[in-house]
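J.: Below: one structure in structure tokens.
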Amino acid sequence: MFNYLSLLIALPLIGAIVLLFVPRANDRVVRWVAFITTLVTFAISVALFASFRATADMQFVERVAWIPQLGISYYIGVDGLSILLVVLTTFLMIIAIGGSWNGITERVREYHVLFLLLESAIIGVFVSLDLFLFYVFWEFTLIPMAFLIGIWGHGRRIYAAIKFILFTMLGSTLMLVAILVLVFAQRDASGALSFALTDILKTPVPIALQGILFAAFALAFAIKVPMFPFHTWLPDAHTEAPTAGSVILAAILLKMGTYGYVRFAMPLFPQATEQFTPLIATLSVIGIIYAALVAMVQEDVKKLVAYSSVAHLGFVMLGVFALNQQGVAGGMLQMLNHGISTGALFLIVGFIYERRHTRLITDFGGLSKQMPIFATVFMIVTLSSIGLPGTNGFVGEFLVLVGAYESHLRWYTVIATSGVILSAVYMLWMFQRVMFGELSNPKNQVLKDLNAREIVIMVPLIVMIFVMGLYPKPFIDRMVPAIDKMILISKTKQQVASVPAMPAMPAMPHAEPMTVTPAAEEK
Amino acid sequence: MPDLNTWLLISPELILTVFGLLIIVIDLVGREKSHAVLPWVAILGFILAIATIPYLAQDQTIFAGMYAIDKFAFFFKAIGAIGGILTVLISIDFLRTRTPAKGDFYLLLTFAVLATMMMASSTSLLMIYLSIEFLSYMSYLLAGFLREDKKSNEAAIKYFLYGAVTSALMLYGLSLLYGISGSLNLADLTKQFAASSDLSVKALGIVSFTLLLAGFGFKISAVPFHQWAPDVYEGAPTPVVAFLSVGSKAAGFALLLRVALTAFPTFHAEWIALLSVVAMMTMTLGNLVALQQTNVKRLLAYSSIAQAGYMLIGVIAANVSGASPFMGLNGVLIYLAAYLFTNLGAFVIVVAIENATGAVEIPEYAGLVKRAPLLAALFVVFFLSLAGIPPTVGFIGKFFVFGAALREGFLLLAAVGVINSVISVFYYFSIIRAAFFEEPKDATLIRVPGVMTASVAICAALVLLLAVFPQSLIDLAGMGMGMFGIARP
Amino acid sequence: MPIDFLPILVMIAVVAAFAAIALILSGLTGPRRPTRAKLEPYESGMPPFGSAMRRVSIKYFLTAVLFILFDIEIIFFYPWAVLFRQLGLFGLIEMGIFILILLVGYVYIWRKGGFDWD
């Protein structure tokens, strides 16, 4: 079998190395090399998606011993939880490269090298099945992103970059400690030292340890998501990052956090998940409402979009922690939706920023008269972000709310629903102030509409908005088996009994519910 | 009477002695032009010394038990010699304009490496003292090598004064140990401690270990014996600093490990408690003070103090009887090897920039990426490695050290270590921030000699490659745990 | 055996006693007629001049240190001489190397101007 996944990780890396040998002055060549690299990577990931079977198994698995005496291996594979995120990554990378075609004029080569490194690392995060490998990729996403913000960012870019790096480092080093403790505990229980997720899942984690380990993992992921109250790095990083950086940051990097919960924190620590659910649900709901309220008073369009991210990710977390099929599927879908619509929003903000070099809402008004195509695109994306039926946002949000309402998180859901209304308020209000009204500012009267390149970039995003809004079945179908398996593993025995029977459960190697080990058997 | 075989066993030491003398003879006899060959003679000596190591029979002591020939010692000898090679490579350009006495410099450096090798092999109280003093005197001379430079003089004097005090303390500890056991041999000491149930012997054992720690702590720059480090790092010739931060530190760890593990196993609980306090203080103080530094060399000094703290975690967690791959001891060895390439690499860059522009303050590094793109990019690699961020070999080192601490249940120590490594990101990043995010005041390109570029590239390549393929390093460190007098895995 | 060292102890006692007795006896019995010349410190026959606390050039220090350095190395010749026959050729070569190293040191000092007064 061909190593498709390794190829996916390696291609951007190879592209980055090739770029290093392109003469510095040759910006056009640099852009094309980067663009073609991402395009090929995307093509491969689509091929991967096409041949992906809708089962709960890990597919395209590769496993090579790396540090044998520690049980560390280069162990990668995809299942329904990760395949779509991989495709999303490769998809948005093309958009990001295309989106910075004119905006980035300084140190173009280094910029694209960092982007390709980032792509490699992100794909690595989503396909790693070995905790050590996962950690390595996870940490490695930090550096290119910090540099992208710090070098090509705006305004307080340095502050934002350092804040970004410190916040994420704090969480991730604690996660490293947790990984080690977890692996040692599993070694004591099973006798074999292994960092492979599948091996660790075979033996239940001692209950005494679960709480603290979950907390460490959850903190690292919560900072990345970001959940209230760890979100403060996000508005800074998003606002100061270059457009494409914001797109990738919002659309993909944040998903690493939510993905971390689904892939690692919840299946590994079912009891702790149960204990922590109220806390996480509370924080999610606070995040949804708080971020919406803050977004409402923002004067900077980019900041507003950044806060809307916090609110959207709150929905994802709520859905995921509902731990039923609709909830998790909704959460997963919402990750993709948020990636597409927020990515598009940041691009749109980038378009007007490139033209006007301001992002203040008050500097605009009546743009729709001057830029009709832009207005249409902006409208579609805004509606998608709000979750209007027919767009992708609706499907995800609806599933999340249904799932969470059906679960033990009913009352959280009731409060969270008001966030949906609030999001409509702040988004539409912003849209109205920017696009409608008097075209009073003379600078705005000479604005040019979107050019061909910009339209070409936006079209795929808009197509995806409608495809996923009208026909989400192919995506959901591929996710569901893996989601069912993940739910089964992540639920404690008692809970599983109380959950209504799930539809058409495929054969699962790990279908045995986690048994609660008596404390006496532990270390 | 020692036979030929015994002499062969110390061939690395003999080779360095011969080459040291050779250097001085060339310096004295040869003309000015022939002096260009001196650094390469030194490097040849180091390479030959390393090359003999694999052929030497191991696991024995020679000279009446005073000198151990074991894999542990060889590991440190190799580290010392590699450190020597890289230091020479940095020195060539650095010395060119600064001093006429190049032969003396390479002689002292060769003998300093020789001293680290002797420290690595010492198993007798006398050898321990002599080798430490040998290294100290070479270091004092090297630190004060730039005689016209006031800061260099200050560095040497401060280094000497601190060294004299700690040396006296250590000597007192050594004499107490001799008083207890009546033998200079570490192995006899262990037996004496194990056999005696006398409370006063126990008390004296603890006191003498504490006193010895002064001597070792001075070499590894652990708090509270670290005060010399910032001034010496700032004032001494930068290549010397590079050597002190790596070679001298490694040798100090070699002795600390050997003494703690072979002579004091009976006081395991006590020295662990003592070292834990020292380790936590070292990490925290090093990192917190580093935050406020604006001079790159001083910053690296405090960083080096903090790094010693992380390594001490590995010493504390050293468990030579367990079957886990996380044994602390191998963690320290991996960490030291990682630190060797990382720190030396960083110093090559500091020297290159200092040579070209004279800049040693962080603000002067502004916009470095535009003036020396390669150096700036590789700087990032080294700082990532120092901060322990993957994919660099520094991460592998931290992984093993923290892993051992967690494995052995030193949770507090691991927690302090982890928090400190997050703090360290902040100040390492402050240099990166200047180099990448700020605009240069002077946009001229920095010219770097080929030797420097080559050595920095080699270091960076090793830092990255050993992280991606850590197996050989882990195997070497596993082998390096073979220490005379303790049970081997 | 400690008893083997008894003669040394006796020797030490005898020497100490002799020195003490000689000093005490001459002090008690000798005539005492102090003159100015007699009370002056001995300066190898030179009349003392200036203060004893005045500063001395560092050049003297270098010479003194070099003297001590080589003087001490000479000590190693004694045990070698005592065991010369047992050590045989090996000892001879060893000492040759030892002297060679000393010689390098000597040449070093010479060429570096350690012996130049100015």
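In the structure tokens, chains take the letters A, B, ... in the order shown, each chain's residues start at 1, and ligands count up from 1 in the order shown.
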Would you list the contacts of Gly314 (chain A) as a PyMOL selection string, taking every protein, DNA or RNA residue within 12 Å and counting only C-alpha atoms, but skipping same-chain residues closer than 4 positions in sequence?

T.: chain A and resi 222+225-229+231+254-255+257-258+280-292+307-310+318-321+331+334-335+338+397+400-401+412-413+416-417+419-420

J.: For the interface of chain C with chain B (cut-off 9 Å, counting only C-alpha atoms), please tabulate each contacting residue of chain C alongside its nearest pair of atoms and their separation in Å to one decimal, rows sorted by chain and increasing number, as JSON lines.

T.:
```
{"residue": "C:Leu87", "atom": "CA", "partner": "B:Met1", "partner_atom": "CA", "distance": 8.0}
{"residue": "C:Ile101", "atom": "CA", "partner": "B:Leu21", "partner_atom": "CA", "distance": 7.7}
{"residue": "C:Val104", "atom": "CA", "partner": "B:Val25", "partner_atom": "CA", "distance": 7.2}
{"residue": "C:Gly105", "atom": "CA", "partner": "B:Ile24", "partner_atom": "CA", "distance": 9.0}
{"residue": "C:Val107", "atom": "CA", "partner": "B:Leu28", "partner_atom": "CA", "distance": 7.9}
{"residue": "C:Tyr108", "atom": "CA", "partner": "B:Leu28", "partner_atom": "CA", "distance": 6.8}
{"residue": "C:Arg111", "atom": "CA", "partner": "B:Leu28", "partner_atom": "CA", "distance": 6.6}
{"residue": "C:Lys112", "atom": "CA", "partner": "B:Leu28", "partner_atom": "CA", "distance": 8.2}
```

J.: Near chain B, meaning an atom within 6 Å, which residues of chain A appear when counting only C-alpha atoms? Write them as a ChimeraX atom specification.

T.: /A:136,150-151,170

J.: Take the residues that were just selected and, keeping N, CA and C atoms, output them as a compact mmCIF listing (two decimals), in the first residue's frame.

T.:
```txt
# COMPACT_ATOMS: atom_id res chain seq x y z
N VAL A 136 4.93 16.25 19.15
CA VAL A 136 5.95 16.89 18.33
C VAL A 136 5.30 17.78 17.27
N GLY A 150 4.41 37.50 13.92
CA GLY A 150 5.41 38.46 14.36
C GLY A 150 6.06 39.24 13.23
N ILE A 151 6.23 38.62 12.08
CA ILE A 151 6.94 39.30 11.00
C ILE A 151 5.97 40.02 10.06
N LEU A 170 2.42 27.04 27.52
CA LEU A 170 2.06 26.68 28.89
C LEU A 170 1.18 25.44 28.88
```

J.: If you measure from CA of Phe160 (chain B) to CA of Leu114 (chain B), what distance in Å do you get, rounded to one decimal?

T.: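 Taking CA of Phe160 (chain B) and CA of Leu114 (chain B), their separation equals 19.6 Å.
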
J.: Region 49-205 of chain A: which residues are strand (DSSP E or B) by DSSP, as a list in words?

T.: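 The residues of region 49-205 of chain A classed as strand (DSSP E or B) are Gln59, Phe60, Val61, Glu62, Arg63, Val64, Ala65, Trp66, Ile67, Ile72, Ser73, Tyr74, Tyr75, Ile76, Gly77, Val78, Ser128, Asp130 and Ala196 of chain A.
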
J.: Any idea what's packed within 6 Å of region 14-18 of chain A, counting only C-alpha atoms, ignoring anything in its chain fewer than 5 positions away? Could you give it as a compact mmCIF listing (two decimals) with C-alpha atoms, in the first residue's frame?

T.:
```
# COMPACT_ATOMS: atom_id res chain seq x y z
CA THR A 37 2.54 22.40 -3.78
CA VAL A 113 8.26 28.49 3.51
CA LEU A 116 4.21 25.13 3.97
```

J.: Taking into account only C-alpha atoms, which residue in the set A:Phe134, A:Phe49, A:Phe217, A:Phe398 is nearest to Leu85 (chain A)?

T.: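 Ranking A:Phe134, A:Phe49, A:Phe217, A:Phe398 by distance to Leu85 (chain A), first place goes to A:Phe49.
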
J.: Just want the 9 Å neighbourhood of Leu7 (chain A), counted on only C-alpha atoms, with same-chain residues fewer than 4 positions away dropped. Output as a PyMOL selection string.

T.: chain A and resi 2-3+11-12+41+44

J.: What's the separation between CA of Leu89 (chain C) and CA of Leu4 (chain B), in Å to one decimal place?

T.: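 Separating CA of Leu89 (chain C) from CA of Leu4 (chain B) is a distance of 13.5 Å.
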
J.: When DSSP is applied to the backbone of this structure, which of region 4-114 of chain C are assigned helix (DSSP H, G or I)? Write them out as a PyMOL selection string.

T.: chain C and resi 4-29+36-39+58-75+77-82+84-111

J.: Go through B:Leu95, B:Ala236, B:Ala376, B:Ala78 one by one, measure the shortest atom-to-atom distance of each to Thr453 (chain B) using only C-alpha atoms, and give the residue with the smallest value.

T.: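 For Thr453 (chain B), the nearest of the candidates is B:Ala376.
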
J.: Might you pull out every residue within 9 Å of region 255-261 of chain B, with only C-alpha atoms counted and same-chain residues fewer than 4 positions away left off, and present them as a list in words?

T.: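 Once the adjacent positions are removed, what remains is Phe72, Met119, Ala120, Ser121, Ser122, Thr123, Ile128, Leu186, Phe209, Leu212, Leu213, Phe216, Gly217, Ala250, Ala251, Pro265, Phe267, His268, Trp271, Val315, Ala318, Val320, Leu329, Met483, Phe484, Gly485 and Ile486 of chain B.
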
J.: Keeping only C-alpha atoms, take the residues you just selected and write them out as a PDB file, in the first residue's frame.

T.:
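Saved the output as result-v3.pdb:
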```pdb
ATOM      1  CA  PHE B  72      30.687   6.413  31.454  1.00  0.00           C
ATOM      2  CA  MET B 119      37.633  14.407  35.862  1.00  0.00           C
ATOM      3  CA  ALA B 120      35.477  11.931  34.006  1.00  0.00           C
ATOM      4  CA  SER B 121      37.704   9.063  35.039  1.00  0.00           C
ATOM      5  CA  SER B 122      38.568  10.014  38.611  1.00  0.00           C
ATOM      6  CA  THR B 123      37.609   7.467  41.210  1.00  0.00           C
ATOM      7  CA  ILE B 128      39.028  14.285  41.935  1.00  0.00           C
ATOM      8  CA  LEU B 186      35.435   5.934  46.279  1.00  0.00           C
ATOM      9  CA  PHE B 209      28.712  15.476  50.469  1.00  0.00           C
ATOM     10  CA  LEU B 212      31.782  18.341  47.794  1.00  0.00           C
ATOM     11  CA  LEU B 213      28.711  19.780  46.182  1.00  0.00           C
ATOM     12  CA  PHE B 216      30.820  20.304  41.696  1.00  0.00           C
ATOM     13  CA  GLY B 217      28.207  23.042  41.883  1.00  0.00           C
ATOM     14  CA  ALA B 250      29.742  18.212  31.511  1.00  0.00           C
ATOM     15  CA  ALA B 251      32.843  17.277  33.482  1.00  0.00           C
ATOM     16  CA  PRO B 265      24.298   5.242  47.620  1.00  0.00           C
ATOM     17  CA  PHE B 267      22.717   8.493  51.575  1.00  0.00           C
ATOM     18  CA  HIS B 268      20.414   8.322  48.611  1.00  0.00           C
ATOM     19  CA  TRP B 271      21.454  13.789  48.688  1.00  0.00           C
ATOM     20  CA  VAL B 315      20.733  13.280  38.454  1.00  0.00           C
ATOM     21  CA  ALA B 318      18.840   8.563  38.440  1.00  0.00           C
ATOM     22  CA  VAL B 320      20.346   2.621  37.993  1.00  0.00           C
ATOM     23  CA  LEU B 329      21.229   8.871  34.245  1.00  0.00           C
ATOM     24  CA  MET B 483      29.934   3.114  35.262  1.00  0.00           C
ATOM     25  CA  PHE B 484      32.518   1.312  37.268  1.00  0.00           C
ATOM     26  CA  GLY B 485      31.217   0.416  40.697  1.00  0.00           C
ATOM     27  CA  ILE B 486      27.491   0.414  40.015  1.00  0.00           C
TER      28      ILE B 486
END
```

J.: Please provide the set of residues having any atom within 10 Å of Thr38 (chain A), restricted to only C-alpha atoms, with same-chain residues fewer than 4 positions apart removed, written as a list in words.

T.: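 Near neighbours after the sequence-gap exclusion: Leu8, Leu11, Pro12, Gly15, Trp32, Val33, Ala34, Phe42, Ala43, Ile44, Thr89, Thr90, Phe91, Leu92, Met93, Ile94, Ile95, Ala96, Ile97, Phe115, Leu116 and Glu119 of chain A.
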
J.: Include N, CA and C atoms and write out the residues we just selected as a PDB file, in the first residue's frame.

T.:
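Written file, again-v8.pdb:
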```
ATOM      1  N   LEU A   8       1.369  13.165   2.297  1.00  0.00           N
ATOM      2  CA  LEU A   8       0.678  14.415   2.628  1.00  0.00           C
ATOM      3  C   LEU A   8       1.517  15.275   3.561  1.00  0.00           C
ATOM      4  N   LEU A  11       4.905  16.351   1.446  1.00  0.00           N
ATOM      5  CA  LEU A  11       4.843  17.240   0.278  1.00  0.00           C
ATOM      6  C   LEU A  11       5.079  18.708   0.623  1.00  0.00           C
ATOM      7  N   PRO A  12       4.337  19.258   1.579  1.00  0.00           N
ATOM      8  CA  PRO A  12       4.581  20.673   1.897  1.00  0.00           C
ATOM      9  C   PRO A  12       6.013  20.901   2.364  1.00  0.00           C
ATOM     10  N   GLY A  15       8.076  21.019  -0.580  1.00  0.00           N
ATOM     11  CA  GLY A  15       7.844  22.318  -1.215  1.00  0.00           C
ATOM     12  C   GLY A  15       8.625  23.413  -0.528  1.00  0.00           C
ATOM     13  N   TRP A  32       4.151  30.633  -7.139  1.00  0.00           N
ATOM     14  CA  TRP A  32       3.635  29.507  -7.918  1.00  0.00           C
ATOM     15  C   TRP A  32       4.059  28.167  -7.345  1.00  0.00           C
ATOM     16  N   VAL A  33       5.307  28.101  -6.909  1.00  0.00           N
ATOM     17  CA  VAL A  33       5.765  26.836  -6.312  1.00  0.00           C
ATOM     18  C   VAL A  33       4.902  26.495  -5.107  1.00  0.00           C
ATOM     19  N   ALA A  34       4.694  27.482  -4.251  1.00  0.00           N
ATOM     20  CA  ALA A  34       3.892  27.236  -3.054  1.00  0.00           C
ATOM     21  C   ALA A  34       2.473  26.846  -3.442  1.00  0.00           C
ATOM     22  N   PHE A  42      -3.582  19.069  -1.879  1.00  0.00           N
ATOM     23  CA  PHE A  42      -5.038  19.000  -1.799  1.00  0.00           C
ATOM     24  C   PHE A  42      -5.564  17.860  -2.668  1.00  0.00           C
ATOM     25  N   ALA A  43      -5.017  17.752  -3.860  1.00  0.00           N
ATOM     26  CA  ALA A  43      -5.482  16.699  -4.761  1.00  0.00           C
ATOM     27  C   ALA A  43      -5.301  15.328  -4.120  1.00  0.00           C
ATOM     28  N   ILE A  44      -4.165  15.147  -3.483  1.00  0.00           N
ATOM     29  CA  ILE A  44      -3.922  13.850  -2.842  1.00  0.00           C
ATOM     30  C   ILE A  44      -4.905  13.624  -1.708  1.00  0.00           C
ATOM     31  N   THR A  89      -7.781  21.221   5.890  1.00  0.00           N
ATOM     32  CA  THR A  89      -6.469  21.870   5.970  1.00  0.00           C
ATOM     33  C   THR A  89      -5.887  22.096   4.583  1.00  0.00           C
ATOM     34  N   THR A  90      -5.844  21.032   3.796  1.00  0.00           N
ATOM     35  CA  THR A  90      -5.212  21.172   2.486  1.00  0.00           C
ATOM     36  C   THR A  90      -6.008  22.142   1.621  1.00  0.00           C
ATOM     37  N   PHE A  91      -7.328  22.130   1.790  1.00  0.00           N
ATOM     38  CA  PHE A  91      -8.191  23.026   1.017  1.00  0.00           C
ATOM     39  C   PHE A  91      -7.904  24.483   1.371  1.00  0.00           C
ATOM     40  N   LEU A  92      -7.911  24.762   2.666  1.00  0.00           N
ATOM     41  CA  LEU A  92      -7.753  26.160   3.069  1.00  0.00           C
ATOM     42  C   LEU A  92      -6.340  26.683   2.825  1.00  0.00           C
ATOM     43  N   MET A  93      -5.384  25.758   2.775  1.00  0.00           N
ATOM     44  CA  MET A  93      -4.019  26.209   2.509  1.00  0.00           C
ATOM     45  C   MET A  93      -3.915  26.821   1.121  1.00  0.00           C
ATOM     46  N   ILE A  94      -4.609  26.216   0.167  1.00  0.00           N
ATOM     47  CA  ILE A  94      -4.600  26.794  -1.181  1.00  0.00           C
ATOM     48  C   ILE A  94      -5.191  28.193  -1.121  1.00  0.00           C
ATOM     49  N   ILE A  95      -6.313  28.293  -0.423  1.00  0.00           N
ATOM     50  CA  ILE A  95      -6.984  29.589  -0.315  1.00  0.00           C
ATOM     51  C   ILE A  95      -6.046  30.594   0.346  1.00  0.00           C
ATOM     52  N   ALA A  96      -5.345  30.124   1.387  1.00  0.00           N
ATOM     53  CA  ALA A  96      -4.467  31.036   2.123  1.00  0.00           C
ATOM     54  C   ALA A  96      -3.337  31.535   1.228  1.00  0.00           C
ATOM     55  N   ILE A  97      -2.749  30.616   0.464  1.00  0.00           N
ATOM     56  CA  ILE A  97      -1.665  31.023  -0.424  1.00  0.00           C
ATOM     57  C   ILE A  97      -2.204  31.982  -1.480  1.00  0.00           C
ATOM     58  N   PHE A 115       4.540  28.946   5.691  1.00  0.00           N
ATOM     59  CA  PHE A 115       3.201  28.427   5.469  1.00  0.00           C
ATOM     60  C   PHE A 115       3.217  26.943   5.166  1.00  0.00           C
ATOM     61  N   LEU A 116       4.161  26.543   4.331  1.00  0.00           N
ATOM     62  CA  LEU A 116       4.215  25.132   3.974  1.00  0.00           C
ATOM     63  C   LEU A 116       4.631  24.282   5.179  1.00  0.00           C
ATOM     64  N   GLU A 119       1.621  23.835   7.205  1.00  0.00           N
ATOM     65  CA  GLU A 119       0.687  22.847   6.655  1.00  0.00           C
ATOM     66  C   GLU A 119       1.137  21.444   7.016  1.00  0.00           C
TER      67      GLU A 119
END
```
